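Asks: entry_18.cif is the file, holding mmCIF, C-alpha atoms; chains and numbers go by the auth columns:
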data_final
loop_
_atom_site.group_PDB
_atom_site.id
_atom_site.type_symbol
_atom_site.label_atom_id
_atom_site.label_comp_id
_atom_site.label_asym_id
_atom_site.label_seq_id
_atom_site.Cartn_x
_atom_site.Cartn_y
_atom_site.Cartn_z
_atom_site.B_iso_or_equiv
_atom_site.auth_seq_id
_atom_site.auth_asym_id
ATOM 1 C CA MET A 1 80.409 75.937 74.916 0.00 1 A
ATOM 2 C CA ILE A 2 78.018 77.181 77.549 0.00 2 A
ATOM 3 C CA GLU A 3 78.184 80.448 79.427 0.00 3 A
ATOM 4 C CA ARG A 4 76.657 81.955 82.538 0.00 4 A
ATOM 5 C CA THR A 5 76.921 85.599 83.543 0.00 5 A
ATOM 6 C CA ALA A 6 77.075 86.542 87.222 0.00 6 A
ATOM 7 C CA THR A 7 77.395 89.775 89.179 0.00 7 A
ATOM 8 C CA ILE A 8 79.890 89.936 92.046 0.00 8 A
ATOM 9 C CA ALA A 9 78.009 90.363 95.333 0.00 9 A
ATOM 10 C CA SER A 10 80.964 90.510 97.693 0.00 10 A
ATOM 11 C CA THR A 11 81.662 94.099 98.724 0.00 11 A
ATOM 12 C CA VAL A 12 85.401 93.363 98.594 0.00 12 A
ATOM 13 C CA GLY A 13 85.125 92.016 95.058 0.00 13 A
ATOM 14 C CA LEU A 14 86.698 88.741 94.014 0.00 14 A
ATOM 15 C CA HIS A 15 89.544 88.912 96.508 0.00 15 A
ATOM 16 C CA ALA A 16 90.927 86.678 99.287 0.00 16 A
ATOM 17 C CA ARG A 17 88.039 84.867 100.998 0.00 17 A
ATOM 18 C CA PRO A 18 85.504 85.071 98.125 0.00 18 A
ATOM 19 C CA ALA A 19 88.173 83.996 95.624 0.00 19 A
ATOM 20 C CA ALA A 20 89.208 81.075 97.828 0.00 20 A
ATOM 21 C CA ILE A 21 85.624 79.884 98.251 0.00 21 A
ATOM 22 C CA PHE A 22 84.968 80.156 94.519 0.00 22 A
ATOM 23 C CA ALA A 23 88.256 78.519 93.435 0.00 23 A
ATOM 24 C CA GLU A 24 87.735 75.578 95.789 0.00 24 A
ATOM 25 C CA ALA A 25 84.205 75.008 94.484 0.00 25 A
ATOM 26 C CA ALA A 26 85.390 75.255 90.869 0.00 26 A
ATOM 27 C CA GLY A 27 88.181 72.768 91.543 0.00 27 A
ATOM 28 C CA ASP A 28 85.784 70.297 93.121 0.00 28 A
ATOM 29 C CA LEU A 29 83.501 70.192 90.065 0.00 29 A
ATOM 30 C CA GLY A 30 85.731 68.124 87.810 0.00 30 A
ATOM 31 C CA VAL A 31 84.872 70.405 84.883 0.00 31 A
ATOM 32 C CA GLU A 32 87.162 73.008 83.301 0.00 32 A
ATOM 33 C CA VAL A 33 85.630 76.437 83.805 0.00 33 A
ATOM 34 C CA THR A 34 87.047 79.829 82.910 0.00 34 A
ATOM 35 C CA ILE A 35 86.074 83.272 84.164 0.00 35 A
ATOM 36 C CA ALA A 36 86.500 86.756 82.710 0.00 36 A
ATOM 37 C CA ARG A 37 84.903 90.162 82.875 0.00 37 A
ATOM 38 C CA VAL A 38 81.921 90.490 80.563 0.00 38 A
ATOM 39 C CA GLY A 39 83.093 91.792 77.200 0.00 39 A
ATOM 40 C CA GLU A 40 86.703 90.632 77.542 0.00 40 A
ATOM 41 C CA PRO A 41 88.134 88.371 74.816 0.00 41 A
ATOM 42 C CA LEU A 42 88.105 84.616 75.361 0.00 42 A
ATOM 43 C CA ASP A 43 91.892 84.516 75.545 0.00 43 A
ATOM 44 C CA GLU A 44 91.864 86.772 78.617 0.00 44 A
ATOM 45 C CA ALA A 45 89.750 84.340 80.642 0.00 45 A
ATOM 46 C CA VAL A 46 91.489 82.566 83.531 0.00 46 A
ATOM 47 C CA ASP A 47 91.002 79.179 85.141 0.00 47 A
ATOM 48 C CA ALA A 48 88.207 79.397 87.689 0.00 48 A
ATOM 49 C CA ASP A 49 89.978 77.024 90.067 0.00 49 A
ATOM 50 C CA SER A 50 93.061 79.264 90.470 0.00 50 A
ATOM 51 C CA MET A 51 92.715 81.613 93.436 0.00 51 A
ATOM 52 C CA LEU A 52 95.709 83.699 92.332 0.00 52 A
ATOM 53 C CA ALA A 53 94.354 84.048 88.791 0.00 53 A
ATOM 54 C CA LEU A 54 90.954 85.084 90.181 0.00 54 A
ATOM 55 C CA MET A 55 92.498 87.739 92.376 0.00 55 A
ATOM 56 C CA GLY A 56 94.586 88.912 89.421 0.00 56 A
ATOM 57 C CA LEU A 57 91.422 89.767 87.517 0.00 57 A
ATOM 58 C CA GLY A 58 90.795 92.602 89.965 0.00 58 A
ATOM 59 C CA VAL A 59 87.032 92.180 89.718 0.00 59 A
ATOM 60 C CA GLU A 60 85.167 94.508 92.077 0.00 60 A
ATOM 61 C CA TYR A 61 81.747 94.548 93.739 0.00 61 A
ATOM 62 C CA GLY A 62 78.914 94.896 91.217 0.00 62 A
ATOM 63 C CA GLU A 63 80.971 93.928 88.178 0.00 63 A
ATOM 64 C CA ALA A 64 79.683 91.265 85.819 0.00 64 A
ATOM 65 C CA VAL A 65 81.750 88.227 84.891 0.00 65 A
ATOM 66 C CA VAL A 66 81.141 85.388 82.491 0.00 66 A
ATOM 67 C CA LEU A 67 81.761 81.748 83.338 0.00 67 A
ATOM 68 C CA ARG A 68 82.433 79.411 80.425 0.00 68 A
ATOM 69 C CA THR A 69 82.940 75.702 79.892 0.00 69 A
ATOM 70 C CA GLU A 70 83.284 73.484 76.840 0.00 70 A
ATOM 71 C CA ASP A 71 81.338 70.747 78.653 0.00 71 A
ATOM 72 C CA ASP A 72 77.768 71.129 77.394 0.00 72 A
ATOM 73 C CA SER A 73 76.506 68.965 80.263 0.00 73 A
ATOM 74 C CA ALA A 74 77.851 71.327 82.935 0.00 74 A
ATOM 75 C CA ALA A 75 75.023 73.877 83.096 0.00 75 A
ATOM 76 C CA GLU A 76 74.274 72.962 86.701 0.00 76 A
ATOM 77 C CA ALA A 77 77.939 73.388 87.601 0.00 77 A
ATOM 78 C CA LEU A 78 77.957 76.903 86.144 0.00 78 A
ATOM 79 C CA GLU A 79 74.761 77.715 88.048 0.00 79 A
ATOM 80 C CA ALA A 80 76.352 76.563 91.304 0.00 80 A
ATOM 81 C CA LEU A 81 79.439 78.695 90.680 0.00 81 A
ATOM 82 C CA ALA A 82 77.305 81.702 89.732 0.00 82 A
ATOM 83 C CA ARG A 83 75.388 81.383 93.017 0.00 83 A
ATOM 84 C CA ILE A 84 78.690 81.567 94.898 0.00 84 A
ATOM 85 C CA LEU A 85 79.634 84.779 93.085 0.00 85 A
ATOM 86 C CA GLU A 86 76.182 86.254 93.645 0.00 86 A
ATOM 87 C CA THR A 87 76.376 85.650 97.417 0.00 87 A
ATOM 88 C CA ASN A 88 78.187 88.067 99.736 0.00 88 A
ATOM 89 C CA HIS A 89 80.906 86.089 101.555 0.00 89 A
ATOM 90 C CA ASP A 90 82.362 89.041 103.471 0.00 90 A
ATOM 91 C CA ALA A 91 81.184 87.949 106.897 0.00 91 A
#
Represent the structure from my file as structure tokens, please.
Replies:
Amino acid sequence: MIERTATIASTVGLHARPAAIFAEAAGDLGVEVTIARVGEPLDEAVDADSMLALMGLGVEYGEAVVLRTEDDSAAEALEALARILETNHDA
């Protein structure tokens, strides 16, 4: 399992537009990725490609999340997803 921590840059948190952008990118990767707040148990992580699940996390601006995948060759995929989270998509 590999992990990557990211901080939410969108001032509206992981809601609507930022969640849609992130979920679409996660779905396009072909790798199973989960997301959860830092410090939350593994079983509370949700599928990164589900916009509704992402919005259900209620993650706000400045909060840290952890992305995880069982695919040890997917480090670049996690980096790409982290960059999306660390970019403000409010405009």
Asks: Taking into account all atoms listed in the file, which residue in the set A:Val66, A:Tyr61, A:Glu79, A:Asp49 is nearest to Asp28 of chain A?
Replies: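 So, comparing all the options, the nearest one is A:Asp49.
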Asks: Would you mind reading off the distance between atom CA of Ala48 of chain A and atom CA of Glu32 of chain A, one decimal, in Å?
Replies: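 Answer for the atom CA of Ala48 of chain A to atom CA of Glu32 of chain A separation: 7.8 Å.
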Asks: Using the file's own x, y and z axes, so that the box edges lie along x, y and z, what centre and edge lengths in Å (one decimal) does a box around every listed atom of segment 24-30 of chain A get when 6 Å is added on each side? Give it as AutoDock Vina command-line options.
Replies:
--center_x 85.8 --center_y 71.9 --center_z 91.8 --size_x 16.7 --size_y 19.5 --size_z 20.0
Asks: Excluding segment 85-88 of chain A and any residue of its chain fewer than 5 positions from it, enumerate the residues within 7 Å of it, using all atoms listed in the file, and give them as a VMD selection string.
Replies: chain A and resid 6 to 10
Asks: Using only C-alpha atoms, which of A:Thr69, A:Glu76, A:Glu60, A:Leu81 sits nearest Leu14 of chain A?
Replies: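 For Leu14 of chain A, the nearest of the candidates is A:Glu60.
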Asks: Show which residues sit within 7 Å of Ala19 of chain A, as JSON, numbers by chain. Count all atoms listed in the file, and ignore same-chain residues fewer than 3 positions away.
Replies: {"A": [14, 15, 16, 22, 23, 51, 54, 55]}
Asks: Counting all atoms listed in the file, which of A:Ser50, A:Thr5, A:Thr34, A:Thr11 gets nearest to Val65 of chain A?
Replies: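 Counting all atoms listed in the file, the residue closest to Val65 of chain A is A:Thr5.
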Asks: Just write segment 54-67 of chain A with all heavy atoms, as an mmCIF file, in the first residue's frame, taken from the block above.
Replies:
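Saved the output as out-v4.cif:
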data_model
loop_
_atom_site.group_PDB
_atom_site.id
_atom_site.type_symbol
_atom_site.label_atom_id
_atom_site.label_comp_id
_atom_site.auth_asym_id
_atom_site.auth_seq_id
_atom_site.Cartn_x
_atom_site.Cartn_y
_atom_site.Cartn_z
ATOM 1 N N LEU A 54 -17.148 11.673 -1.899
ATOM 2 C CA LEU A 54 -16.205 12.759 -1.587
ATOM 3 C C LEU A 54 -16.906 13.898 -0.865
ATOM 4 O O LEU A 54 -16.412 14.410 0.141
ATOM 5 C CB LEU A 54 -15.563 13.288 -2.868
ATOM 6 C CG LEU A 54 -14.613 12.346 -3.596
ATOM 7 C CD1 LEU A 54 -14.253 12.916 -4.963
ATOM 8 C CD2 LEU A 54 -13.372 12.103 -2.773
ATOM 9 N N MET A 55 -18.055 14.289 -1.385
ATOM 10 C CA MET A 55 -18.794 15.379 -0.760
ATOM 11 C C MET A 55 -19.277 14.977 0.630
ATOM 12 O O MET A 55 -19.353 15.807 1.530
ATOM 13 C CB MET A 55 -19.936 15.816 -1.662
ATOM 14 C CG MET A 55 -19.431 16.490 -2.931
ATOM 15 S SD MET A 55 -20.717 16.920 -4.108
ATOM 16 C CE MET A 55 -21.732 18.012 -3.154
ATOM 17 N N GLY A 56 -19.582 13.698 0.809
ATOM 18 C CA GLY A 56 -20.027 13.199 2.103
ATOM 19 C C GLY A 56 -18.957 13.253 3.178
ATOM 20 O O GLY A 56 -19.271 13.235 4.368
ATOM 21 N N LEU A 57 -17.705 13.327 2.773
ATOM 22 C CA LEU A 57 -16.628 13.443 3.761
ATOM 23 C C LEU A 57 -16.690 14.779 4.498
ATOM 24 O O LEU A 57 -16.238 14.885 5.631
ATOM 25 C CB LEU A 57 -15.255 13.309 3.090
ATOM 26 C CG LEU A 57 -14.841 11.934 2.604
ATOM 27 C CD1 LEU A 57 -13.525 12.030 1.825
ATOM 28 C CD2 LEU A 57 -14.698 10.980 3.770
ATOM 29 N N GLY A 58 -17.205 15.800 3.827
ATOM 30 C CA GLY A 58 -17.300 17.118 4.446
ATOM 31 C C GLY A 58 -15.958 17.769 4.706
ATOM 32 O O GLY A 58 -15.804 18.548 5.639
ATOM 33 N N VAL A 59 -14.975 17.474 3.860
ATOM 34 C CA VAL A 59 -13.635 18.014 4.045
ATOM 35 C C VAL A 59 -13.626 19.491 3.648
ATOM 36 O O VAL A 59 -14.115 19.867 2.586
ATOM 37 C CB VAL A 59 -12.605 17.217 3.216
ATOM 38 C CG1 VAL A 59 -11.221 17.800 3.370
ATOM 39 C CG2 VAL A 59 -12.628 15.759 3.632
ATOM 40 N N GLU A 60 -13.062 20.310 4.509
ATOM 41 C CA GLU A 60 -13.035 21.761 4.314
ATOM 42 C C GLU A 60 -11.647 22.254 3.902
ATOM 43 O O GLU A 60 -10.659 21.527 4.002
ATOM 44 C CB GLU A 60 -13.465 22.457 5.606
ATOM 45 C CG GLU A 60 -14.870 22.104 6.076
ATOM 46 C CD GLU A 60 -15.957 22.571 5.121
ATOM 47 O OE1 GLU A 60 -15.750 23.592 4.432
ATOM 48 O OE2 GLU A 60 -17.009 21.911 5.068
ATOM 49 N N TYR A 61 -11.611 23.519 3.498
ATOM 50 C CA TYR A 61 -10.366 24.193 3.123
ATOM 51 C C TYR A 61 -9.329 24.030 4.231
ATOM 52 O O TYR A 61 -9.609 24.196 5.413
ATOM 53 C CB TYR A 61 -10.643 25.679 2.883
ATOM 54 C CG TYR A 61 -9.406 26.517 2.772
ATOM 55 C CD1 TYR A 61 -8.658 26.517 1.602
ATOM 56 C CD2 TYR A 61 -8.968 27.302 3.835
ATOM 57 C CE1 TYR A 61 -7.517 27.280 1.488
ATOM 58 C CE2 TYR A 61 -7.828 28.077 3.727
ATOM 59 C CZ TYR A 61 -7.099 28.061 2.558
ATOM 60 O OH TYR A 61 -5.964 28.808 2.442
ATOM 61 N N GLY A 62 -8.108 23.670 3.840
ATOM 62 C CA GLY A 62 -6.994 23.572 4.782
ATOM 63 C C GLY A 62 -6.881 22.242 5.503
ATOM 64 O O GLY A 62 -5.883 22.006 6.179
ATOM 65 N N GLU A 63 -7.880 21.376 5.360
ATOM 66 C CA GLU A 63 -7.799 20.073 6.012
ATOM 67 C C GLU A 63 -6.887 19.145 5.224
ATOM 68 O O GLU A 63 -6.784 19.251 3.999
ATOM 69 C CB GLU A 63 -9.175 19.431 6.138
ATOM 70 C CG GLU A 63 -10.035 20.064 7.216
ATOM 71 C CD GLU A 63 -11.283 19.245 7.473
ATOM 72 O OE1 GLU A 63 -11.189 18.246 8.215
ATOM 73 O OE2 GLU A 63 -12.331 19.600 6.920
ATOM 74 N N ALA A 64 -6.271 18.221 5.936
ATOM 75 C CA ALA A 64 -5.395 17.239 5.295
ATOM 76 C C ALA A 64 -6.148 15.932 5.089
ATOM 77 O O ALA A 64 -6.928 15.511 5.943
ATOM 78 C CB ALA A 64 -4.160 17.003 6.142
ATOM 79 N N VAL A 65 -5.919 15.337 3.939
ATOM 80 C CA VAL A 65 -6.507 14.037 3.600
ATOM 81 C C VAL A 65 -5.376 13.103 3.196
ATOM 82 O O VAL A 65 -4.278 13.537 2.838
ATOM 83 C CB VAL A 65 -7.534 14.146 2.464
ATOM 84 C CG1 VAL A 65 -8.745 14.959 2.886
ATOM 85 C CG2 VAL A 65 -6.917 14.706 1.192
ATOM 86 N N VAL A 66 -5.672 11.821 3.254
ATOM 87 C CA VAL A 66 -4.695 10.830 2.809
ATOM 88 C C VAL A 66 -5.303 10.008 1.679
ATOM 89 O O VAL A 66 -6.449 9.573 1.764
ATOM 90 C CB VAL A 66 -4.200 9.935 3.975
ATOM 91 C CG1 VAL A 66 -5.321 9.154 4.594
ATOM 92 C CG2 VAL A 66 -3.078 9.035 3.528
ATOM 93 N N LEU A 67 -4.535 9.890 0.615
ATOM 94 C CA LEU A 67 -4.902 9.067 -0.537
ATOM 95 C C LEU A 67 -4.151 7.753 -0.402
ATOM 96 O O LEU A 67 -2.965 7.748 -0.079
ATOM 97 C CB LEU A 67 -4.497 9.757 -1.834
ATOM 98 C CG LEU A 67 -5.027 11.165 -2.037
ATOM 99 C CD1 LEU A 67 -4.363 11.804 -3.250
ATOM 100 C CD2 LEU A 67 -6.526 11.138 -2.202
#
